[in-house]
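Novice: The structure under discussion is supplied below as structure tokens; questions concerning it will follow.
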Amino acid sequence: MSARVIDGRALATGLRVKYAESVAELVRNGIVPGLAVVMIGSDPASHLYVRNKIRACDECGVRSFLHALSADATEAEVLDLIGELNADPSVHGILVQLPLPPQIDVRRVLETIAVDKDVDGFHLYNVGALTVGESIFPPCTPYGVQLLIDQTGIEIEGKHAVVVGASNIVGKPMALMLLQRLATVTICHARTVNLAHHTISADVLVVAAGKPGLIVPQMVKQGAVVIDVGINKLADGKIVGDVDFEGVRDKASWITPVPGGVGPMTVTMLIRNTIRSAQRLPAGSFD
Ligand code: NAD
């Protein structure tokens with residue numbers, strides 16, 4: 001039987017309606033949530049992502065402040081700007097679009113963002129908070145994935161979850177979130193020997209490697225929930241994930257499409273974190 005498709009676009013749209021209501025409530029109390037987006041250089045993919053983020057802000061009534069710096073901006077200029085944004089009460093969230101040009105130390109930049117405005121959740125404080133399960137700002141992509149898995153109604157606790165990809169922004173925080181929900185978690189990466197040996201036993205398989213066609217049906221357990229985080233542009237311009245969607249949908253019980261799966265949720269979680277910052281809610285459960 002063919003897997004049911006988890007419609008990330010529909011879930012994101014519904015959440016944005018709900019978030020717009022939260023913004024309206026804040027505005028009635030005299031607070032307009034504000035997100036500052038710092039973009040350095042002219043990477044086309046970064047431009048596209050930033051445009052999507054600003055559009056999502058507009059949709060939900062969040063004010064956005066775009067700071068576009070040239071590719072030769074110095075690290076001192078970037079740190080000064082972040083210092084100003086940290087002190088600006090109209091800014092509740094600060095996002096620095098990655099990757100950064102080579103003259104700028106990404107770690108130093110991320111550590112300069114005030115922890116209570118770190119809506120991407122990349123500051124070491126928030127990374128540590130996630131590790132102990134008390135994050136205010138769960139990183140947007142894995143948190144979006146968690147909500148997509150919840151959409152299926154499948155209980156994560158006790159399940160074997162396999163995460164393919166171990167980056168700081170997707171794979172590792174994803175694994176921590178699944179562990180927090182009491183899954184038994186395996187993390188695979190480029191040096192994993194015999195990837196299929198791990199993926200075949202996954203009840204929940206999250207793939208974030210950036211390799212088109214990496215996951216084929218023989219690697220997937222019958223009835224698994226398969227979440228494809230990958231975004232890959234093929235030579236013909238087509239956008240695909242890391243999973244052979246047509247093949248794997250005959251094995252999985254639920255599967256996300258690319259595009260229209262994880263992508264819209266990532267942007268929506270950024271809005272969620274910005275609103276939460278404006279609400280000044282304490283750390284604790286994610287929603
Ligand atoms: P990354 O390059 O930083 O990390 C990739 C990870 O995959 C690494 O840990 C690497 O070891 C692992 N990997 C690479 N080849 C592998 C293989 N053959 N087998 C097993 N593991 C392998 O990438 P990232 O930033 O984590 O992003 C991963 C993918 O997710 C990319 O396609 C990216 O575009 C996409 N992405 C999507 C969203 C979204 O919102 N949908 C957000 C972030 C990233």
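Naming works like this for the structure tokens: A, B, ... for the chains as they're shown, residue 1 at the start of each chain, ligands 1 onward in shown order.
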Given only C-alpha atoms and all ligand atoms, how would the per-residue table for chain A near ligand 1 read, listing every residue at most 6 Å away with its closest atom pair and distance in Å to one decimal, sorted by chain and number, as a tab-separated table?
Specialist:
residue	atom	partner	partner_atom_place_in_ligand_line	distance
A:Thr141	CA	ligand 1	40 (O)	5.3
A:Val164	CA	ligand 1	21 (N)	5.3
A:Gly165	CA	ligand 1	7 (O)	3.5
A:Ala166	CA	ligand 1	9 (O)	3.5
A:Ser167	CA	ligand 1	26 (O)	4.4
A:Ile169	CA	ligand 1	26 (O)	5.8
A:Val170	CA	ligand 1	26 (O)	4.8
A:Gly171	CA	ligand 1	26 (O)	5.9
A:Cys188	CA	ligand 1	20 (C)	5.7
A:His189	CA	ligand 1	21 (N)	3.4
A:Ala190	CA	ligand 1	22 (C)	3.6
A:Ala208	CA	ligand 1	28 (C)	4.2
A:Ala209	CA	ligand 1	7 (O)	3.3
A:Gly210	CA	ligand 1	32 (O)	3.1
A:Val229	CA	ligand 1	41 (N)	4.7
A:Gly230	CA	ligand 1	32 (O)	3.6
A:Ile231	CA	ligand 1	32 (O)	4.0
A:Asn232	CA	ligand 1	32 (O)	5.5
A:Val262	CA	ligand 1	41 (N)	4.6
A:Gly263	CA	ligand 1	41 (N)	3.7
A:Thr266	CA	ligand 1	40 (O)	4.7
Novice: Quick one: write out the picked residues with all heavy atoms as a short mmCIF file (atom, residue, chain, number, x, y, z; two decimals), in the first residue's frame?
Specialist:
data_model
loop_
_atom_site.label_atom_id
_atom_site.label_comp_id
_atom_site.auth_asym_id
_atom_site.auth_seq_id
_atom_site.Cartn_x
_atom_site.Cartn_y
_atom_site.Cartn_z
N THR A 141 14.45 23.69 11.79
CA THR A 141 14.21 22.54 10.90
C THR A 141 13.84 21.28 11.69
O THR A 141 12.79 20.67 11.44
CB THR A 141 15.41 22.31 9.98
OG1 THR A 141 15.59 23.48 9.18
CG2 THR A 141 15.20 21.12 9.07
N VAL A 164 19.74 10.30 9.49
CA VAL A 164 20.87 10.23 8.54
C VAL A 164 21.32 11.67 8.30
O VAL A 164 20.59 12.48 7.73
CB VAL A 164 20.45 9.56 7.22
CG1 VAL A 164 21.65 9.50 6.26
CG2 VAL A 164 19.92 8.15 7.49
N GLY A 165 22.53 11.97 8.78
CA GLY A 165 23.05 13.35 8.76
C GLY A 165 23.30 13.78 10.19
O GLY A 165 22.47 13.53 11.07
N ALA A 166 24.45 14.41 10.41
CA ALA A 166 24.83 14.76 11.79
C ALA A 166 25.31 16.21 11.86
O ALA A 166 26.21 16.53 12.64
CB ALA A 166 25.92 13.80 12.28
N SER A 167 24.70 17.08 11.07
CA SER A 167 25.14 18.49 11.12
C SER A 167 24.63 19.15 12.39
O SER A 167 23.70 18.66 13.05
CB SER A 167 24.61 19.25 9.91
OG SER A 167 23.21 19.42 10.02
N ILE A 169 23.05 21.91 12.54
CA ILE A 169 21.77 22.60 12.39
C ILE A 169 20.59 21.67 12.15
O ILE A 169 19.46 22.04 12.39
CB ILE A 169 21.82 23.72 11.31
CG1 ILE A 169 22.10 23.14 9.92
CG2 ILE A 169 22.85 24.78 11.65
CD1 ILE A 169 21.87 24.16 8.82
N VAL A 170 20.86 20.46 11.68
CA VAL A 170 19.74 19.53 11.44
C VAL A 170 19.92 18.21 12.20
O VAL A 170 19.17 17.91 13.13
CB VAL A 170 19.50 19.25 9.94
CG1 VAL A 170 18.21 18.46 9.76
CG2 VAL A 170 19.45 20.52 9.10
N GLY A 171 20.90 17.41 11.78
CA GLY A 171 21.00 16.03 12.28
C GLY A 171 21.14 15.93 13.79
O GLY A 171 20.38 15.19 14.44
N CYS A 188 23.43 8.45 11.85
CA CYS A 188 24.33 8.02 10.78
C CYS A 188 24.91 9.24 10.08
O CYS A 188 24.31 10.31 10.08
CB CYS A 188 23.58 7.18 9.75
SG CYS A 188 22.78 5.73 10.45
N HIS A 189 26.08 9.07 9.49
CA HIS A 189 26.74 10.19 8.81
C HIS A 189 27.57 9.63 7.66
O HIS A 189 27.51 8.41 7.38
CB HIS A 189 27.58 11.01 9.80
CG HIS A 189 28.42 10.15 10.68
ND1 HIS A 189 29.58 9.58 10.25
CD2 HIS A 189 28.21 9.72 11.95
CE1 HIS A 189 30.08 8.86 11.23
NE2 HIS A 189 29.27 8.92 12.27
N ALA A 190 28.36 10.50 7.05
CA ALA A 190 29.07 10.10 5.82
C ALA A 190 30.05 8.95 6.06
O ALA A 190 30.37 8.21 5.12
CB ALA A 190 29.79 11.31 5.23
N ALA A 208 18.74 13.76 6.31
CA ALA A 208 19.22 15.14 6.10
C ALA A 208 20.69 15.07 5.72
O ALA A 208 21.57 15.47 6.48
CB ALA A 208 19.02 15.97 7.36
N ALA A 209 20.96 14.55 4.53
CA ALA A 209 22.34 14.37 4.09
C ALA A 209 22.70 15.28 2.93
O ALA A 209 23.87 15.57 2.69
CB ALA A 209 22.58 12.91 3.70
N GLY A 210 21.71 15.71 2.16
CA GLY A 210 21.99 16.52 0.98
C GLY A 210 22.52 15.68 -0.17
O GLY A 210 23.36 16.14 -0.95
N VAL A 229 14.47 15.64 4.68
CA VAL A 229 14.85 17.05 4.91
C VAL A 229 15.65 17.59 3.72
O VAL A 229 15.69 18.79 3.48
CB VAL A 229 15.70 17.17 6.21
CG1 VAL A 229 16.05 18.62 6.50
CG2 VAL A 229 14.96 16.56 7.40
N GLY A 230 16.24 16.71 2.95
CA GLY A 230 17.16 17.12 1.87
C GLY A 230 16.53 18.07 0.86
O GLY A 230 15.34 17.95 0.54
N ILE A 231 17.32 19.00 0.40
CA ILE A 231 16.92 19.87 -0.72
C ILE A 231 18.08 19.85 -1.70
O ILE A 231 19.17 20.35 -1.37
CB ILE A 231 16.66 21.33 -0.27
CG1 ILE A 231 15.57 21.39 0.81
CG2 ILE A 231 16.25 22.19 -1.48
CD1 ILE A 231 15.32 22.80 1.34
N ASN A 232 17.87 19.26 -2.86
CA ASN A 232 18.94 19.15 -3.86
C ASN A 232 18.42 19.65 -5.20
O ASN A 232 17.33 19.28 -5.62
CB ASN A 232 19.37 17.69 -4.00
CG ASN A 232 19.69 17.05 -2.66
OD1 ASN A 232 20.70 17.39 -2.04
ND2 ASN A 232 18.84 16.14 -2.19
N VAL A 262 9.24 19.43 4.60
CA VAL A 262 9.93 20.06 5.73
C VAL A 262 10.14 21.58 5.50
O VAL A 262 10.05 22.37 6.44
CB VAL A 262 11.29 19.37 5.99
CG1 VAL A 262 12.06 20.05 7.10
CG2 VAL A 262 11.07 17.89 6.30
N GLY A 263 10.43 21.96 4.25
CA GLY A 263 10.79 23.37 3.96
C GLY A 263 9.83 24.39 4.54
O GLY A 263 10.25 25.28 5.29
N THR A 266 10.11 24.74 8.33
CA THR A 266 11.30 25.41 8.87
C THR A 266 11.03 26.91 9.04
O THR A 266 11.27 27.49 10.10
CB THR A 266 12.49 25.20 7.91
OG1 THR A 266 12.81 23.81 7.89
CG2 THR A 266 13.72 25.98 8.35
#
Novice: Determine which residues of region 31-175 of chain A DSSP labels as alpha helix (DSSP H) from the backbone of this structure, then write them out as a PyMOL selection string.
Specialist: chain A and resi 44-60+75-87+106-112+124-131+140-151+171-175
Novice: Running DSSP on the backbone, which parts of region 32-258 of chain A land in strand (DSSP E), as number ranges by chain?
Specialist: A: 34-40, 63-69, 93-96, 160-164, 184-188, 204-207, 225-228, 232-233, 239-240, 254-255
Novice: Leaving out Ile6 (chain A) and any residue of its chain fewer than 3 positions from it, which residues lie within 7 Å of it when counting only C-alpha atoms, given as number ranges by chain?
Specialist: A: 148, 254-256, 261
Novice: Just write the chosen residues, C-alpha atoms, as an mmCIF file, in the first residue's frame.
Specialist:
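After the write, part30.cif holds the following:
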data_model
loop_
_atom_site.group_PDB
_atom_site.id
_atom_site.type_symbol
_atom_site.label_atom_id
_atom_site.label_comp_id
_atom_site.auth_asym_id
_atom_site.auth_seq_id
_atom_site.Cartn_x
_atom_site.Cartn_y
_atom_site.Cartn_z
ATOM 1 C CA LEU A 148 5.369 16.698 11.026
ATOM 2 C CA TRP A 254 3.927 8.073 5.958
ATOM 3 C CA ILE A 255 6.325 10.137 3.873
ATOM 4 C CA THR A 256 7.091 13.825 3.293
ATOM 5 C CA GLY A 261 7.334 18.821 3.267
#
Novice: Hey, can you check how far CA of Phe122 (chain A) sits from CA of Val206 (chain A)?
Specialist: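 Spanning CA of Phe122 (chain A) to CA of Val206 (chain A) is a straight-line distance of 20.2 Å.
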Novice: Report as number ranges by chain all protein, DNA and RNA residues lying within 10 Å of Phe65 (chain A), evaluated on only C-alpha atoms, omitting residues in the same chain fewer than 2 positions from it.
Specialist: A: 34-38, 54, 62-63, 67-68, 85, 90-91, 94
Novice: So the first atom is CA of Ala71 (chain A) and the second is CA of Ser42 (chain A); what is the distance between them in Å, to one decimal place?
Specialist: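 Answer for the CA of Ala71 (chain A) to CA of Ser42 (chain A) separation: 6.8 Å.
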Novice: Using only C-alpha atoms, can you tell me which of A:Pro139, A:Gly128, A:Gly133, A:Pro217 comes closest to Gln180 (chain A)?
Specialist: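 Comparing A:Pro139, A:Gly128, A:Gly133, A:Pro217 against Gln180 (chain A), the winner is A:Gly133.
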Novice: How far is it from CA of Asp58 (chain A) to CA of Arg9 (chain A), in Å with one decimal?
Specialist: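 CA of Arg9 (chain A) lies 16.9 Å from CA of Asp58 (chain A).
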Novice: Set the distance at 9 Å and use only C-alpha atoms: which residues neighbour region 104-116 of chain A once local chain neighbours fewer than 4 positions away are removed? I'd like the list as a list in words.
Specialist: Ala73, Thr74, Glu75, Ala76, Val78, Leu79, Ile82, Gly83, Leu85, Asn86, Ala87, His92, Gly93, Ile94, Leu95, Val96, Leu98, Pro99, Leu100, Gly121, Phe122, His123, Leu124, Tyr125, Asn126, Ile136, Phe137, Ser277 and Arg280 of chain A
Novice: Save out the residues we just selected, C-alpha atoms, as a tab-separated table (two decimals), in the first residue's frame.
Specialist:
chain	number	residue	atom	x	y	z
A	73	ALA	CA	31.82	43.19	5.24
A	74	THR	CA	34.26	42.80	8.11
A	75	GLU	CA	33.62	40.67	11.17
A	76	ALA	CA	33.73	43.83	13.32
A	78	VAL	CA	28.77	42.30	11.69
A	79	LEU	CA	29.44	42.10	15.43
A	82	ILE	CA	24.41	42.40	16.17
A	83	GLY	CA	25.26	44.47	19.26
A	85	LEU	CA	20.11	44.60	17.37
A	86	ASN	CA	20.65	42.98	20.79
A	87	ALA	CA	19.93	46.37	22.39
A	92	HIS	CA	12.70	40.07	19.42
A	93	GLY	CA	14.58	37.68	17.16
A	94	ILE	CA	17.90	37.89	15.30
A	95	LEU	CA	18.72	35.60	12.44
A	96	VAL	CA	22.04	35.57	10.65
A	98	LEU	CA	24.33	31.14	6.86
A	99	PRO	CA	26.75	30.44	5.28
A	100	LEU	CA	28.96	33.46	5.98
A	121	GLY	CA	18.67	28.26	18.43
A	122	PHE	CA	22.33	28.10	17.33
A	123	HIS	CA	23.95	29.91	20.29
A	124	LEU	CA	25.86	27.48	22.51
A	125	TYR	CA	23.54	28.33	25.43
A	126	ASN	CA	20.52	27.22	23.43
A	136	ILE	CA	13.25	28.19	24.52
A	137	PHE	CA	14.20	28.25	20.85
A	277	SER	CA	10.47	35.60	22.19
A	280	ARG	CA	8.84	36.33	26.80
Novice: Env of Ile31 (chain A): 9 Å cut, atoms = only C-alpha atoms, seq-sep filter 4 positions within chain, self excluded. Answer as a PyMOL selection string.
Specialist: chain A and resi 23+25-27+90+278-279
Novice: Calculated over only C-alpha atoms, which of the candidates A:Val243, A:Leu234, A:Val193, A:Ile200 has the smallest distance to Leu214 (chain A)?
Specialist: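 Once distances to Leu214 (chain A) are computed over only C-alpha atoms, the minimum belongs to A:Val243.
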Novice: When you look at Val5 (chain A) with a cut-off of 12 Å (counting only C-alpha atoms), what residues show up, excluding the ones that are within fewer than 3 positions of it in the same chain? I need them as an NGL selection string.
Specialist: :A and (2 or 8-11 or 148-149 or 151-152 or 225-228 or 245-246 or 248-250 or 252-262)
Novice: How would the residues just chosen look if you wrote them out with N, CA and C atoms as a JSON list (two decimals), in the first residue's frame?
Specialist:
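Everything below was put into selection39.json:
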[["chain", "number", "residue", "atom", "x", "y", "z"],
["A", 2, "SER", "N", 0.39, 2.26, -0.67],
["A", 2, "SER", "CA", 1.19, 3.48, -0.79],
["A", 2, "SER", "C", 1.09, 4.32, 0.49],
["A", 8, "GLY", "N", 3.38, 19.16, 4.45],
["A", 8, "GLY", "CA", 4.02, 20.20, 5.26],
["A", 8, "GLY", "C", 3.48, 21.58, 4.94],
["A", 9, "ARG", "N", 3.10, 21.77, 3.69],
["A", 9, "ARG", "CA", 2.59, 23.09, 3.29],
["A", 9, "ARG", "C", 1.27, 23.38, 4.01],
["A", 10, "ALA", "N", 0.40, 22.36, 4.05],
["A", 10, "ALA", "CA", -0.91, 22.55, 4.69],
["A", 10, "ALA", "C", -0.74, 22.77, 6.19],
["A", 11, "LEU", "N", 0.15, 21.98, 6.82],
["A", 11, "LEU", "CA", 0.36, 22.16, 8.26],
["A", 11, "LEU", "C", 0.93, 23.55, 8.55],
["A", 148, "LEU", "N", 5.84, 17.52, 12.15],
["A", 148, "LEU", "CA", 5.37, 16.70, 11.03],
["A", 148, "LEU", "C", 5.17, 15.24, 11.47],
["A", 149, "ILE", "N", 6.09, 14.73, 12.28],
["A", 149, "ILE", "CA", 5.94, 13.35, 12.77],
["A", 149, "ILE", "C", 4.69, 13.27, 13.66],
["A", 151, "GLN", "N", 2.05, 14.90, 13.39],
["A", 151, "GLN", "CA", 0.88, 14.92, 12.52],
["A", 151, "GLN", "C", 0.37, 13.52, 12.20],
["A", 152, "THR", "N", 1.28, 12.55, 12.16],
["A", 152, "THR", "CA", 0.89, 11.19, 11.78],
["A", 152, "THR", "C", 0.13, 10.49, 12.90],
["A", 225, "VAL", "N", 7.90, 5.64, 9.11],
["A", 225, "VAL", "CA", 7.60, 7.05, 8.83],
["A", 225, "VAL", "C", 8.89, 7.65, 8.28],
["A", 226, "VAL", "N", 8.83, 8.22, 7.09],
["A", 226, "VAL", "CA", 10.05, 8.71, 6.42],
["A", 226, "VAL", "C", 9.94, 10.22, 6.21],
["A", 227, "ILE", "N", 10.89, 10.94, 6.80],
["A", 227, "ILE", "CA", 10.90, 12.39, 6.68],
["A", 227, "ILE", "C", 12.15, 12.80, 5.89],
["A", 228, "ASP", "N", 11.93, 13.48, 4.80],
["A", 228, "ASP", "CA", 13.03, 13.86, 3.90],
["A", 228, "ASP", "C", 13.33, 15.35, 4.06],
["A", 245, "PHE", "N", 11.43, 9.15, -3.58],
["A", 245, "PHE", "CA", 10.05, 9.30, -3.10],
["A", 245, "PHE", "C", 9.12, 8.24, -3.69],
["A", 246, "GLU", "N", 9.15, 8.09, -5.01],
["A", 246, "GLU", "CA", 8.20, 7.17, -5.66],
["A", 246, "GLU", "C", 8.44, 5.73, -5.23],
["A", 248, "VAL", "N", 10.09, 4.68, -2.37],
["A", 248, "VAL", "CA", 9.96, 4.48, -0.91],
["A", 248, "VAL", "C", 8.51, 4.59, -0.45],
["A", 249, "ARG", "N", 7.68, 5.31, -1.20],
["A", 249, "ARG", "CA", 6.30, 5.47, -0.72],
["A", 249, "ARG", "C", 5.54, 4.14, -0.73],
["A", 250, "ASP", "N", 6.05, 3.14, -1.46],
["A", 250, "ASP", "CA", 5.41, 1.82, -1.43],
["A", 250, "ASP", "C", 5.80, 1.02, -0.18],
["A", 252, "ALA", "N", 6.82, 2.82, 2.97],
["A", 252, "ALA", "CA", 6.56, 3.62, 4.16],
["A", 252, "ALA", "C", 5.06, 3.68, 4.47],
["A", 253, "SER", "N", 4.76, 4.06, 5.73],
["A", 253, "SER", "CA", 3.35, 4.31, 6.07],
["A", 253, "SER", "C", 3.04, 5.79, 5.88],
["A", 254, "TRP", "N", 4.05, 6.63, 6.14],
["A", 254, "TRP", "CA", 3.93, 8.07, 5.96],
["A", 254, "TRP", "C", 5.22, 8.57, 5.34],
["A", 255, "ILE", "N", 5.12, 9.58, 4.50],
["A", 255, "ILE", "CA", 6.33, 10.14, 3.87],
["A", 255, "ILE", "C", 6.11, 11.62, 3.58],
["A", 256, "THR", "N", 7.20, 12.40, 3.66],
["A", 256, "THR", "CA", 7.09, 13.82, 3.29],
["A", 256, "THR", "C", 7.59, 14.02, 1.86],
["A", 257, "PRO", "N", 6.93, 14.90, 1.11],
["A", 257, "PRO", "CA", 7.40, 15.22, -0.24],
["A", 257, "PRO", "C", 8.47, 16.31, -0.20],
["A", 258, "VAL", "N", 9.22, 16.43, -1.28],
["A", 258, "VAL", "CA", 10.13, 17.57, -1.48],
["A", 258, "VAL", "C", 9.89, 18.08, -2.89],
["A", 259, "PRO", "N", 9.51, 19.32, -3.08],
["A", 259, "PRO", "CA", 9.21, 20.31, -2.02],
["A", 259, "PRO", "C", 7.83, 20.08, -1.39],
["A", 260, "GLY", "N", 7.53, 20.88, -0.38],
["A", 260, "GLY", "CA", 6.20, 20.82, 0.23],
["A", 260, "GLY", "C", 6.13, 19.99, 1.50],
["A", 261, "GLY", "N", 7.31, 19.59, 2.02],
["A", 261, "GLY", "CA", 7.33, 18.82, 3.27],
["A", 261, "GLY", "C", 7.94, 19.64, 4.39],
["A", 262, "VAL", "N", 9.24, 19.43, 4.60],
["A", 262, "VAL", "CA", 9.93, 20.06, 5.73],
["A", 262, "VAL", "C", 10.14, 21.58, 5.50]]
Novice: Find the residue from A:Ile215, A:Val127, A:Ile156, A:Val267 that sits nearest to Arg51 (chain A); use only C-alpha atoms when measuring.
Specialist: A:Val267
Novice: Rank A:His160, A:Asp43, A:Gln97, A:Val145 by their smallest atom-to-atom distance to Pro264 (chain A), using only C-alpha atoms, and report the top residue only.
Specialist: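 Ranking A:His160, A:Asp43, A:Gln97, A:Val145 by distance to Pro264 (chain A), first place goes to A:Val145.
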